[in-house]
Amino acid sequence: MNYDYDLFVIGAGSGGVRASRISGSLGAKVAICEDLYMGGTCVNVGCVPKKLYVYASEYAGYFRDARGFGWQAPEPEFDWPTLRDNKKAEISRLNGIYDEILGAANVEIIKGRGRFVDAHTVDVNGHHYSAERIIIAVGGWPFIPDFPGSEYAVSSNEVFDLDQFPKRLAVVGGGYIAVEFAGIFNGLGAEVTQLYRGELFLRGFDNEVRDVAATEIAKKGVDLRFETDVISIEKLSNGSLIVHLSTGEALIVDAVLYATGRKPKLTDLGLDNVNVALTDKGFVDVNDQYQTSEPSIYALGDVIGGMALTPVALEEGMALAKHLYNNEPCELNYNNIATTVFCQPNIGTIGVTEEQAKARYPNVVKYRSHYRAMRHNLGGSDERSMMKLLVDGDTDKMVGMHMVGGDAGEIMQGFAVAMRMGATKADFDLTVGIHPTAAEEFVTMREPVVD
């Protein structure tokens with residue numbers, strides 16, 4: 001049968017763009033549709049603007065610490081519109097780059113929401129496009145639960161572009177996004193209260209890491225309130241919001257950011273017209289080749305409910321494209337994928353947590369270092385860092401690495417390569433450290449610790 005395209009991709013986020021670009025470069029005739037913005041969540045309302053705001057929020061600490069190094073200057077003032085509007089300009093620039101790279105791969109860009117007509121046909125703005133294969137790469141979308149006054153809350157999509165800087169902010173949630181935004185707005189000068197219904201945030205991370213992070217984040221001024229939930233939000237005549245809590249207390253704030261989770265963006269996708277099965281949690285169900293129960297339809301990225309990380313979606317897009325159009329095996333190893341929470345200080349992690357290690361390996365050896373980074377000795381900050389290594393004592397292989405401290409993301413990337421290659425503790429011990437750096441701590445820990 002003749003189709004308009006070999007491949008049609010719904011969603012121009014990280015995974016969709018990578019899959020379409022690589023497929024196009026391998027000779028496939030490809031089209032991609034997008035109804036919002038090129039680059040998806042990461043470029044527009046995720047990784048990129050978030051990291052820019054993290055940078056902005058760190059300057060307050062740098063200005064304070066600079067006095068210990070001899071720099072004398074007036075107290076700086078932060079201007080929200082400058083950050084917000086410069087961010088918008090940068091995102092616009094990146095959107096244009098996505099257009100260019102897709103064009104270079106001969107991928108046709110179609111603006112509009114794609115909806116399935118059947119297993120080989122997608123409707124966009126009333127026009128039907130047929131394809132031998134179709135990829136669902138629509139990503140996720142913030143979810144705000146329904147409760148009295150929930151309409152007054154904003155999600156991580158809107159918080160980047162608030163008209164007015166919120167001098168008082170309530171952040172609801174305990175995952176990556178909530179923790180990061182609490183740190184961002186705290187650093188920018190807001191009075192931040194983070195609310196989480198669990199006993200400690202960052203569920204799924206190493207428990208010791210969670211404890212250390214909570215201590216350091218609280219020291220920086222974020223009011224952490226665990227085992228606390230929002231009952232309702234009430235808007236006052238002056239625009240302020242009263243947040244009524246499960247503890248019986250109430251907060252008066254200028255804005256409430258809800259970061260309690262994301263759901264796959266499957267609304268109005270026309271899934272009723274195709275045989276695409278969903279998991280119990282509402283994600284698209286796929287096999288090891290990212291193929292759905294409808295053989296001509298594939299899915300990847302956040303919409304399949306795996307690790308919701310941009311680099312993972314990129315690798316999935318690459319693997320699928322090479323599998324479909326270069327006859328390569330569709331293999332992606334999800335073990336030892338490094339990740340960072342860009343809170344302040346950063347959290348970096350590779351491999352298993354201490355709790356997981358003890359459950360999987362009969363002889364776990366732990367090494368740990370607590371220290372104060374050199375820059376703080378003159379700067380005056382009381383921030384402390386923690387590094388931890390987890391080793392399978394029977395094989396000497398590194399199975400887990402964790403860090404709470406400055407530049408953890410930058411430091412952990414290189415160690416992720418080592419762990420992927422099967423590095424042992426002996427390999428670490430034989431590596432000469434770079435002095436003086438924080439990273440050298442990972443190759444100079446000699447004595448195991450027992451708690």
# chains A, B, ... in the order shown; residues from 1 in each chain; ligands from 1
>>> residues_around(residues="range 418-425 of chain A", least_positions_apart="4", cutoff="9 Å", atoms="only C-alpha atoms", output="list in words")
Asn335, Asn336, Ile337, Ile350, Gly351, Leu389, Val391, Asp392, Thr395, Asp396, Lys397, Met398, Val399, Gly400, Met401, Gly414, Asp429, Leu430 and Val443 of chain A
>>> write_last_selection(atoms="N, CA and C atoms", output="PDB file, in the first residue's frame")
ATOM      1  N   ASN A 335      19.728   0.432  33.270  1.00  0.00           N
ATOM      2  CA  ASN A 335      20.478   0.360  34.521  1.00  0.00           C
ATOM      3  C   ASN A 335      21.529   1.472  34.573  1.00  0.00           C
ATOM      4  N   ASN A 336      21.805   1.918  35.761  1.00  0.00           N
ATOM      5  CA  ASN A 336      22.862   2.908  36.000  1.00  0.00           C
ATOM      6  C   ASN A 336      22.693   4.200  35.204  1.00  0.00           C
ATOM      7  N   ILE A 337      21.450   4.624  35.022  1.00  0.00           N
ATOM      8  CA  ILE A 337      21.204   5.924  34.405  1.00  0.00           C
ATOM      9  C   ILE A 337      21.335   6.991  35.488  1.00  0.00           C
ATOM     10  N   ILE A 350      23.511   7.646  40.901  1.00  0.00           N
ATOM     11  CA  ILE A 350      23.702   6.623  39.875  1.00  0.00           C
ATOM     12  C   ILE A 350      23.496   5.268  40.537  1.00  0.00           C
ATOM     13  N   GLY A 351      22.788   4.382  39.859  1.00  0.00           N
ATOM     14  CA  GLY A 351      22.633   3.028  40.370  1.00  0.00           C
ATOM     15  C   GLY A 351      21.616   2.931  41.485  1.00  0.00           C
ATOM     16  N   LEU A 389      29.363   5.798  48.431  1.00  0.00           N
ATOM     17  CA  LEU A 389      29.595   4.717  47.475  1.00  0.00           C
ATOM     18  C   LEU A 389      29.012   3.427  48.041  1.00  0.00           C
ATOM     19  N   VAL A 391      29.089  -0.713  47.319  1.00  0.00           N
ATOM     20  CA  VAL A 391      29.880  -1.708  46.608  1.00  0.00           C
ATOM     21  C   VAL A 391      29.357  -3.110  46.910  1.00  0.00           C
ATOM     22  N   ASP A 392      29.269  -3.932  45.867  1.00  0.00           N
ATOM     23  CA  ASP A 392      28.964  -5.348  46.068  1.00  0.00           C
ATOM     24  C   ASP A 392      30.245  -6.004  46.572  1.00  0.00           C
ATOM     25  N   THR A 395      31.896  -8.961  44.550  1.00  0.00           N
ATOM     26  CA  THR A 395      32.519  -8.749  43.236  1.00  0.00           C
ATOM     27  C   THR A 395      33.371  -7.491  43.187  1.00  0.00           C
ATOM     28  N   ASP A 396      33.273  -6.637  44.191  1.00  0.00           N
ATOM     29  CA  ASP A 396      33.950  -5.340  44.271  1.00  0.00           C
ATOM     30  C   ASP A 396      33.379  -4.327  43.289  1.00  0.00           C
ATOM     31  N   LYS A 397      32.283  -4.655  42.613  1.00  0.00           N
ATOM     32  CA  LYS A 397      31.698  -3.727  41.648  1.00  0.00           C
ATOM     33  C   LYS A 397      30.929  -2.611  42.345  1.00  0.00           C
ATOM     34  N   MET A 398      31.050  -1.423  41.753  1.00  0.00           N
ATOM     35  CA  MET A 398      30.258  -0.289  42.224  1.00  0.00           C
ATOM     36  C   MET A 398      28.809  -0.497  41.798  1.00  0.00           C
ATOM     37  N   VAL A 399      27.886  -0.404  42.742  1.00  0.00           N
ATOM     38  CA  VAL A 399      26.476  -0.591  42.397  1.00  0.00           C
ATOM     39  C   VAL A 399      25.640   0.660  42.670  1.00  0.00           C
ATOM     40  N   GLY A 400      26.196   1.608  43.426  1.00  0.00           N
ATOM     41  CA  GLY A 400      25.463   2.833  43.709  1.00  0.00           C
ATOM     42  C   GLY A 400      26.400   3.966  44.070  1.00  0.00           C
ATOM     43  N   MET A 401      26.097   5.168  43.566  1.00  0.00           N
ATOM     44  CA  MET A 401      26.847   6.371  43.921  1.00  0.00           C
ATOM     45  C   MET A 401      25.847   7.486  44.167  1.00  0.00           C
ATOM     46  N   GLY A 414      30.639  11.966  34.685  1.00  0.00           N
ATOM     47  CA  GLY A 414      31.812  11.164  34.367  1.00  0.00           C
ATOM     48  C   GLY A 414      31.817   9.824  35.091  1.00  0.00           C
ATOM     49  N   ASP A 429      40.013   3.251  43.681  1.00  0.00           N
ATOM     50  CA  ASP A 429      41.153   3.446  44.572  1.00  0.00           C
ATOM     51  C   ASP A 429      42.444   3.710  43.806  1.00  0.00           C
ATOM     52  N   LEU A 430      42.559   3.154  42.608  1.00  0.00           N
ATOM     53  CA  LEU A 430      43.773   3.316  41.807  1.00  0.00           C
ATOM     54  C   LEU A 430      43.759   4.597  40.973  1.00  0.00           C
ATOM     55  N   VAL A 443      37.279   9.150  44.929  1.00  0.00           N
ATOM     56  CA  VAL A 443      38.382   8.210  44.690  1.00  0.00           C
ATOM     57  C   VAL A 443      39.361   8.175  45.861  1.00  0.00           C
TER      58      VAL A 443
END
>>> residues_around(residues="range 404-409 of chain A", least_positions_apart="5", cutoff="6 Å", atoms="only C-alpha atoms", output="JSON, numbers by chain")
{"A": [340, 345, 346, 347, 348, 385, 386]}
>>> select_by_dssp(residues="range 148-353 of chain A", states="strand (DSSP E)", output="number ranges by chain")
A: 168-172, 191-196, 223-226, 230-235, 241-245, 250-253, 255-258, 262-264, 297-299, 339-341, 347-351
>>> select_by_dssp(residues="range 59-292 of chain A", states="helix (DSSP H, G or I)", output="count of residues only")
70
>>> closest_atom_pairs(of="range 92-144 of chain A", to="range 172-194 of chain A", cutoff="12 Å", atoms="only C-alpha atoms", output="CSV")
residue,atom,partner,partner_atom,distance
A:Pro142,CA,A:Ile177,CA,10.4
A:Phe143,CA,A:Gly173,CA,11.4
A:Ile144,CA,A:Val172,CA,10.0
>>> closest_residue(among="A:Lys111, A:Lys366, A:Arg225, A:Lys281", to="Tyr37 in chain A", atoms="only C-alpha atoms")
A:Lys111
>>> closest_residue(among="A:His120, A:His127, A:Gln164, A:Val54", to="Asp6 in chain A", atoms="only C-alpha atoms")
A:His120
>>> residues_around(residues="Ala250 in chain A", least_positions_apart="2", cutoff="12 Å", atoms="only C-alpha atoms", output="number ranges by chain")
A: 170, 193, 195, 228-234, 241-248, 252-253
>>> write_last_selection(atoms="N, CA and C atoms", output="PDB file, in the first residue's frame")
ATOM      1  N   ALA A 170       3.700  29.003  48.124  1.00  0.00           N
ATOM      2  CA  ALA A 170       3.517  27.647  48.637  1.00  0.00           C
ATOM      3  C   ALA A 170       3.759  26.676  47.493  1.00  0.00           C
ATOM      4  N   THR A 193       7.228  28.040  51.313  1.00  0.00           N
ATOM      5  CA  THR A 193       6.803  26.927  52.153  1.00  0.00           C
ATOM      6  C   THR A 193       6.522  25.744  51.241  1.00  0.00           C
ATOM      7  N   LEU A 195       5.018  21.996  50.949  1.00  0.00           N
ATOM      8  CA  LEU A 195       4.080  21.100  51.615  1.00  0.00           C
ATOM      9  C   LEU A 195       4.099  19.737  50.937  1.00  0.00           C
ATOM     10  N   THR A 228       1.727  16.963  55.526  1.00  0.00           N
ATOM     11  CA  THR A 228       0.809  18.103  55.456  1.00  0.00           C
ATOM     12  C   THR A 228       0.218  18.174  54.056  1.00  0.00           C
ATOM     13  N   ASP A 229      -1.081  18.334  53.969  1.00  0.00           N
ATOM     14  CA  ASP A 229      -1.744  18.417  52.673  1.00  0.00           C
ATOM     15  C   ASP A 229      -2.621  19.666  52.615  1.00  0.00           C
ATOM     16  N   VAL A 230      -2.999  20.030  51.396  1.00  0.00           N
ATOM     17  CA  VAL A 230      -3.871  21.189  51.196  1.00  0.00           C
ATOM     18  C   VAL A 230      -5.325  20.732  51.196  1.00  0.00           C
ATOM     19  N   ILE A 231      -6.144  21.396  51.990  1.00  0.00           N
ATOM     20  CA  ILE A 231      -7.578  21.111  52.031  1.00  0.00           C
ATOM     21  C   ILE A 231      -8.328  22.006  51.045  1.00  0.00           C
ATOM     22  N   SER A 232      -7.988  23.284  51.027  1.00  0.00           N
ATOM     23  CA  SER A 232      -8.666  24.220  50.134  1.00  0.00           C
ATOM     24  C   SER A 232      -7.818  25.477  49.978  1.00  0.00           C
ATOM     25  N   ILE A 233      -8.128  26.243  48.942  1.00  0.00           N
ATOM     26  CA  ILE A 233      -7.485  27.538  48.707  1.00  0.00           C
ATOM     27  C   ILE A 233      -8.583  28.580  48.558  1.00  0.00           C
ATOM     28  N   GLU A 234      -8.406  29.688  49.234  1.00  0.00           N
ATOM     29  CA  GLU A 234      -9.389  30.770  49.192  1.00  0.00           C
ATOM     30  C   GLU A 234      -8.701  32.040  48.704  1.00  0.00           C
ATOM     31  N   LEU A 241      -3.786  34.616  48.579  1.00  0.00           N
ATOM     32  CA  LEU A 241      -4.450  33.323  48.707  1.00  0.00           C
ATOM     33  C   LEU A 241      -4.281  32.780  50.119  1.00  0.00           C
ATOM     34  N   ILE A 242      -5.363  32.252  50.677  1.00  0.00           N
ATOM     35  CA  ILE A 242      -5.285  31.545  51.956  1.00  0.00           C
ATOM     36  C   ILE A 242      -5.291  30.048  51.659  1.00  0.00           C
ATOM     37  N   VAL A 243      -4.241  29.376  52.087  1.00  0.00           N
ATOM     38  CA  VAL A 243      -4.132  27.925  51.878  1.00  0.00           C
ATOM     39  C   VAL A 243      -4.464  27.233  53.193  1.00  0.00           C
ATOM     40  N   HIS A 244      -5.571  26.522  53.212  1.00  0.00           N
ATOM     41  CA  HIS A 244      -5.991  25.798  54.415  1.00  0.00           C
ATOM     42  C   HIS A 244      -5.375  24.400  54.388  1.00  0.00           C
ATOM     43  N   LEU A 245      -4.724  24.033  55.489  1.00  0.00           N
ATOM     44  CA  LEU A 245      -3.943  22.803  55.540  1.00  0.00           C
ATOM     45  C   LEU A 245      -4.613  21.723  56.383  1.00  0.00           C
ATOM     46  N   SER A 246      -4.198  20.492  56.146  1.00  0.00           N
ATOM     47  CA  SER A 246      -4.747  19.344  56.874  1.00  0.00           C
ATOM     48  C   SER A 246      -4.381  19.391  58.350  1.00  0.00           C
ATOM     49  N   THR A 247      -3.382  20.163  58.712  1.00  0.00           N
ATOM     50  CA  THR A 247      -2.972  20.287  60.111  1.00  0.00           C
ATOM     51  C   THR A 247      -3.842  21.265  60.888  1.00  0.00           C
ATOM     52  N   GLY A 248      -4.753  21.940  60.174  1.00  0.00           N
ATOM     53  CA  GLY A 248      -5.591  22.949  60.803  1.00  0.00           C
ATOM     54  C   GLY A 248      -5.016  24.351  60.680  1.00  0.00           C
ATOM     55  N   ILE A 252      -0.954  32.354  54.233  1.00  0.00           N
ATOM     56  CA  ILE A 252      -1.336  33.428  53.315  1.00  0.00           C
ATOM     57  C   ILE A 252      -0.171  33.627  52.351  1.00  0.00           C
ATOM     58  N   VAL A 253      -0.427  33.430  51.069  1.00  0.00           N
ATOM     59  CA  VAL A 253       0.635  33.478  50.062  1.00  0.00           C
ATOM     60  C   VAL A 253       0.164  34.273  48.843  1.00  0.00           C
TER      61      VAL A 253
END
>>> residues_around(residues="Gly68 in chain A", least_positions_apart="4", cutoff="12 Å", atoms="only C-alpha atoms", output="ChimeraX atom specification")
/A:61-64,72-73,375-381
>>> residues_around(residues="Gly433 in chain A", least_positions_apart="6", cutoff="12 Å", atoms="only C-alpha atoms", output="number ranges by chain")
A: 439-445
>>> write_last_selection(atoms="C-alpha atoms", output="short mmCIF file (atom, residue, chain, number, x, y, z; two decimals), in the first residue's frame")
data_model
loop_
_atom_site.label_atom_id
_atom_site.label_comp_id
_atom_site.auth_asym_id
_atom_site.auth_seq_id
_atom_site.Cartn_x
_atom_site.Cartn_y
_atom_site.Cartn_z
CA ALA A 439 35.07 15.09 43.03
CA GLU A 440 38.31 13.64 44.40
CA GLU A 441 36.38 12.50 47.47
CA PHE A 442 34.92 9.69 45.37
CA VAL A 443 38.38 8.21 44.69
CA THR A 444 39.88 8.77 48.14
CA MET A 445 37.33 7.02 50.38
#
>>> residues_around(residues="Ile10 in chain A", least_positions_apart="4", cutoff="12 Å", atoms="only C-alpha atoms", output="PyMOL selection string")
chain A and resi 14-17+19-20+30-36+38+40+109-116+121-124+129+131+133-139+265-266+269-270+297-301+303
>>> residues_around(residues="range 305-308 of chain A", least_positions_apart="3", cutoff="10 Å", atoms="only C-alpha atoms", output="list in words")
Gly139, Gly140, Arg262, Lys263, Pro264, Thr279, Lys281, Gly282, Phe283, Val284, Asp285, Val286, Leu300, Gly301, Asp302, Pro311, Val312, Ala313, Tyr334 and Ile337 of chain A
>>> atom_distance(atom1="CA of Phe78 in chain A", atom2="CA of Val256 in chain A")
20.8 Å
>>> atom_distance(atom1="CA of Pro49 in chain A", atom2="CA of Asp85 in chain A")
11.2 Å
>>> closest_residue(among="A:Tyr290, A:Val341, A:Val159, A:Thr215", to="Ala321 in chain A", atoms="only C-alpha atoms")
A:Tyr290
